Amino acid sequence: MRTLVLGVLTVAGLLGRARAAQAENDSQTSLLGPREIAVGEGLRGGATGSSAIGLNPSGLPLTRELVFEGGYGYRTGDSASLVAISACDSTNVAPGCFFYDYIGSSSTLDDVPGDRSTHIAGMALSRLLVPRISIGATAKYYRFRSNVMAEEDASGFVFDVGGTIRLTDLVTVGVAAQNLLATEKTPQLPRAIGAGLHARPIPILALGFDMRWKLEDDDHNVRYGGGAELFLRAGSSGAIPIRAGALHDGGMDGVPGSTRTYISGGLGFAGLRWGVDVTVRHAVTGGDETLVIGSARFFGPRMASPALGGDY
């Protein structure tokens, strides 16, 4: 009997640590790029371009531009490599994005090494209903493979939906549900709903705040954060964005030590035809994880957007 009890406790401990590891490898957060990470993920109310893929597809009509983007990131906590490519076109009646993301990581659980890989590809579409209201949806195909204890391989389709309202010329709000519908459930792509507020009090300064709630049966943690973005002019054809933010993740319900707080900062260059962004995020409580991520963007036609009063 004693052996049986010890065996059950050991397995329970392994499962708990495996679930904590899953919390660190939520593919929903791994789809985010350097701009949204730098401002504490506070862009759900103003998610444009590739930021709309991971946060809110309805934000695509906020700009009118054709942009191709590629990025790479490295996360120290689980030696993860994050690769993302996308093409977003918001110059037409139904703005949309095509995208592909790869997340590959390795970790050690009780001296047993394990590897994970996730491939996600899909399309986001949106529509401006009236000049101040837009809606959007994202369809994603995923393929998750893992040899980590207590994790199962999975593949299938998941779907996001969202809405954005421009309250004034300076303030927008967004609401989005990630992985709301799925052909197969996996902890790597949890259901969640989020809301965000984005404001531009002056042309060179943007502020954002965001909250996200998981909707899983045994996990309803809250993740919230925000930040600021200051644009400094760099000559007549570009600007240098300086970004800073903070983020708090409540972790998984019932899993000790999974709560984390992060600080982040980023720098970039935004020109008429191209742009680059680099961000560093570091966990200041709950762990010692550091994420470094960067991306390059190449623009096609760029036009004024009625969703922003024609001033962008």
# chains A, B, ... in the order shown; residues from 1 in each chain; ligands from 1
>>> residues_around(residues="region 172-187 of chain A", least_positions_apart="2", cutoff="6 Å", atoms="only C-alpha atoms", output="PyMOL selection string")
chain A and resi 44-45+56+156-167+189-198
>>> write_last_selection(atoms="C-alpha atoms", output="PDB file, in the first residue's frame")
ATOM      1  CA  ARG A  44      -5.967  43.934 -28.389  1.00  0.00           C
ATOM      2  CA  GLY A  45      -7.768  47.251 -28.807  1.00  0.00           C
ATOM      3  CA  ASN A  56      -7.775  40.321 -32.430  1.00  0.00           C
ATOM      4  CA  GLY A 156      -6.880  19.969 -35.839  1.00  0.00           C
ATOM      5  CA  PHE A 157      -8.559  23.290 -36.487  1.00  0.00           C
ATOM      6  CA  VAL A 158      -9.352  26.131 -34.070  1.00  0.00           C
ATOM      7  CA  PHE A 159     -11.208  29.393 -34.654  1.00  0.00           C
ATOM      8  CA  ASP A 160     -10.985  32.920 -33.191  1.00  0.00           C
ATOM      9  CA  VAL A 161     -13.516  35.762 -33.391  1.00  0.00           C
ATOM     10  CA  GLY A 162     -13.265  39.414 -32.433  1.00  0.00           C
ATOM     11  CA  GLY A 163     -14.713  42.900 -32.608  1.00  0.00           C
ATOM     12  CA  THR A 164     -13.241  46.415 -32.476  1.00  0.00           C
ATOM     13  CA  ILE A 165     -15.017  49.713 -31.765  1.00  0.00           C
ATOM     14  CA  ARG A 166     -13.498  53.153 -32.243  1.00  0.00           C
ATOM     15  CA  LEU A 167     -15.129  55.080 -29.403  1.00  0.00           C
ATOM     16  CA  LEU A 189      -4.275  26.055 -27.498  1.00  0.00           C
ATOM     17  CA  PRO A 190      -6.634  26.902 -24.625  1.00  0.00           C
ATOM     18  CA  ARG A 191      -9.919  28.708 -25.037  1.00  0.00           C
ATOM     19  CA  ALA A 192      -9.777  32.282 -23.779  1.00  0.00           C
ATOM     20  CA  ILE A 193     -11.456  35.657 -24.079  1.00  0.00           C
ATOM     21  CA  GLY A 194      -9.726  39.006 -23.884  1.00  0.00           C
ATOM     22  CA  ALA A 195     -10.514  42.706 -23.963  1.00  0.00           C
ATOM     23  CA  GLY A 196      -8.299  45.709 -24.472  1.00  0.00           C
ATOM     24  CA  LEU A 197      -8.251  49.488 -24.579  1.00  0.00           C
ATOM     25  CA  HIS A 198      -5.953  51.451 -26.892  1.00  0.00           C
TER      26      HIS A 198
END
>>> residues_around(residues="region 232-234 of chain A", least_positions_apart="3", cutoff="10 Å", atoms="only C-alpha atoms", output="list in words")
Ile204, Leu205, Glu229, Ser237, Gly238, Ala239, Ile240, Pro241, Ile242, Phe269, Ala270 and Gly271 of chain A
>>> residues_around(residues="Ala80 (chain A)", least_positions_apart="2", cutoff="7 Å", atoms="only C-alpha atoms", output="list in words")
Tyr74, Arg75, Thr76, Asp78, Leu82, Ile103, Gly104, Ser105 and Ser106 of chain A
>>> residues_around(residues="region 286-303 of chain A", least_positions_apart="5", cutoff="7 Å", atoms="only C-alpha atoms", output="JSON, numbers by chain")
{"A": [34, 64, 65, 66, 67, 68, 69, 70, 71, 72, 73, 74, 75, 76, 77, 257, 258, 259, 260, 261, 273, 274, 275, 276, 277, 278, 279, 280, 281]}
>>> write_last_selection(atoms="N, CA and C atoms", output="mmCIF file, in the first residue's frame")
data_model
loop_
_atom_site.group_PDB
_atom_site.id
_atom_site.type_symbol
_atom_site.label_atom_id
_atom_site.label_comp_id
_atom_site.auth_asym_id
_atom_site.auth_seq_id
_atom_site.Cartn_x
_atom_site.Cartn_y
_atom_site.Cartn_z
ATOM 1 N N PRO A 34 7.012 41.076 -31.676
ATOM 2 C CA PRO A 34 7.773 41.991 -30.815
ATOM 3 C C PRO A 34 7.023 43.246 -30.409
ATOM 4 N N ARG A 64 -4.752 50.664 -43.599
ATOM 5 C CA ARG A 64 -4.917 50.204 -44.982
ATOM 6 C C ARG A 64 -3.523 50.087 -45.584
ATOM 7 N N GLU A 65 -3.021 48.854 -45.579
ATOM 8 C CA GLU A 65 -1.658 48.633 -46.046
ATOM 9 C C GLU A 65 -1.457 47.173 -46.412
ATOM 10 N N LEU A 66 -0.464 46.946 -47.244
ATOM 11 C CA LEU A 66 0.000 45.602 -47.579
ATOM 12 C C LEU A 66 1.361 45.437 -46.930
ATOM 13 N N VAL A 67 1.492 44.410 -46.072
ATOM 14 C CA VAL A 67 2.742 44.240 -45.334
ATOM 15 C C VAL A 67 3.102 42.769 -45.232
ATOM 16 N N PHE A 68 4.372 42.477 -45.499
ATOM 17 C CA PHE A 68 4.937 41.140 -45.333
ATOM 18 C C PHE A 68 5.882 41.190 -44.139
ATOM 19 N N GLU A 69 5.784 40.173 -43.274
ATOM 20 C CA GLU A 69 6.580 40.204 -42.054
ATOM 21 C C GLU A 69 7.164 38.833 -41.749
ATOM 22 N N GLY A 70 8.397 38.837 -41.259
ATOM 23 C CA GLY A 70 9.036 37.618 -40.800
ATOM 24 C C GLY A 70 9.752 37.889 -39.503
ATOM 25 N N GLY A 71 9.683 36.927 -38.568
ATOM 26 C CA GLY A 71 10.295 37.164 -37.266
ATOM 27 C C GLY A 71 10.867 35.906 -36.656
ATOM 28 N N TYR A 72 11.759 36.118 -35.682
ATOM 29 C CA TYR A 72 12.361 35.007 -34.946
ATOM 30 C C TYR A 72 12.531 35.422 -33.490
ATOM 31 N N GLY A 73 12.284 34.470 -32.584
ATOM 32 C CA GLY A 73 12.472 34.723 -31.171
ATOM 33 C C GLY A 73 13.089 33.533 -30.468
ATOM 34 N N TYR A 74 13.732 33.805 -29.337
ATOM 35 C CA TYR A 74 14.319 32.734 -28.519
ATOM 36 C C TYR A 74 13.915 32.965 -27.070
ATOM 37 N N ARG A 75 13.409 31.901 -26.423
ATOM 38 C CA ARG A 75 12.937 31.960 -25.047
ATOM 39 C C ARG A 75 13.806 31.049 -24.190
ATOM 40 N N THR A 76 14.420 31.614 -23.138
ATOM 41 C CA THR A 76 15.395 30.851 -22.362
ATOM 42 C C THR A 76 14.759 29.803 -21.464
ATOM 43 N N GLY A 77 13.536 30.055 -20.985
ATOM 44 C CA GLY A 77 12.936 29.159 -20.019
ATOM 45 C C GLY A 77 12.806 27.725 -20.496
ATOM 46 N N GLY A 257 3.600 28.155 -8.066
ATOM 47 C CA GLY A 257 4.790 28.622 -8.765
ATOM 48 C C GLY A 257 4.599 28.954 -10.223
ATOM 49 N N SER A 258 3.357 28.872 -10.723
ATOM 50 C CA SER A 258 3.156 29.171 -12.143
ATOM 51 C C SER A 258 2.831 30.640 -12.397
ATOM 52 N N THR A 259 2.609 31.421 -11.320
ATOM 53 C CA THR A 259 2.348 32.845 -11.468
ATOM 54 C C THR A 259 3.643 33.575 -11.824
ATOM 55 N N ARG A 260 3.548 34.496 -12.788
ATOM 56 C CA ARG A 260 4.734 35.234 -13.213
ATOM 57 C C ARG A 260 4.402 36.685 -13.519
ATOM 58 N N THR A 261 5.399 37.540 -13.320
ATOM 59 C CA THR A 261 5.309 38.940 -13.706
ATOM 60 C C THR A 261 6.502 39.273 -14.601
ATOM 61 N N ARG A 273 8.758 52.061 -46.459
ATOM 62 C CA ARG A 273 8.777 50.799 -47.181
ATOM 63 C C ARG A 273 9.212 49.610 -46.344
ATOM 64 N N TRP A 274 9.803 49.855 -45.206
ATOM 65 C CA TRP A 274 10.258 48.739 -44.379
ATOM 66 C C TRP A 274 10.354 49.164 -42.927
ATOM 67 N N GLY A 275 10.433 48.176 -42.051
ATOM 68 C CA GLY A 275 10.561 48.445 -40.634
ATOM 69 C C GLY A 275 11.157 47.253 -39.911
ATOM 70 N N VAL A 276 11.786 47.497 -38.792
ATOM 71 C CA VAL A 276 12.342 46.429 -37.959
ATOM 72 C C VAL A 276 11.959 46.700 -36.504
ATOM 73 N N ASP A 277 11.801 45.624 -35.734
ATOM 74 C CA ASP A 277 11.453 45.743 -34.326
ATOM 75 C C ASP A 277 12.191 44.677 -33.533
ATOM 76 N N VAL A 278 12.695 45.047 -32.362
ATOM 77 C CA VAL A 278 13.376 44.113 -31.465
ATOM 78 C C VAL A 278 12.844 44.347 -30.057
ATOM 79 N N THR A 279 12.561 43.250 -29.350
ATOM 80 C CA THR A 279 11.992 43.336 -28.002
ATOM 81 C C THR A 279 12.660 42.326 -27.082
ATOM 82 N N VAL A 280 12.811 42.726 -25.815
ATOM 83 C CA VAL A 280 13.289 41.818 -24.763
ATOM 84 C C VAL A 280 12.259 41.817 -23.645
ATOM 85 N N ARG A 281 11.867 40.632 -23.197
ATOM 86 C CA ARG A 281 10.969 40.499 -22.051
ATOM 87 C C ARG A 281 11.611 39.586 -21.014
#
>>> closest_residue(among="A:Val222, A:Val130, A:Leu207, A:Leu215", to="Gly40 (chain A)", atoms="only C-alpha atoms")
A:Leu207
>>> closest_residue(among="A:Gly265, A:His119, A:Thr48, A:Pro61", to="Ser81 (chain A)", atoms="only C-alpha atoms")
A:His119
>>> closest_residue(among="A:Ile135, A:Ile85, A:Ile120, A:Leu55", to="Arg212 (chain A)", atoms="only C-alpha atoms")
A:Leu55
>>> select_by_dssp(residues="region 35-72 of chain A", states="strand (DSSP E)", output="JSON, numbers by chain")
{"A": [64, 65, 66, 67, 68, 69, 70, 71, 72]}
>>> residues_around(residues="Thr118 (chain A)", least_positions_apart="4", cutoff="7 Å", atoms="only C-alpha atoms", output="list in words")
Tyr102, Ile103, Gly104, Tyr142, Arg143, Phe144 and Arg145 of chain A
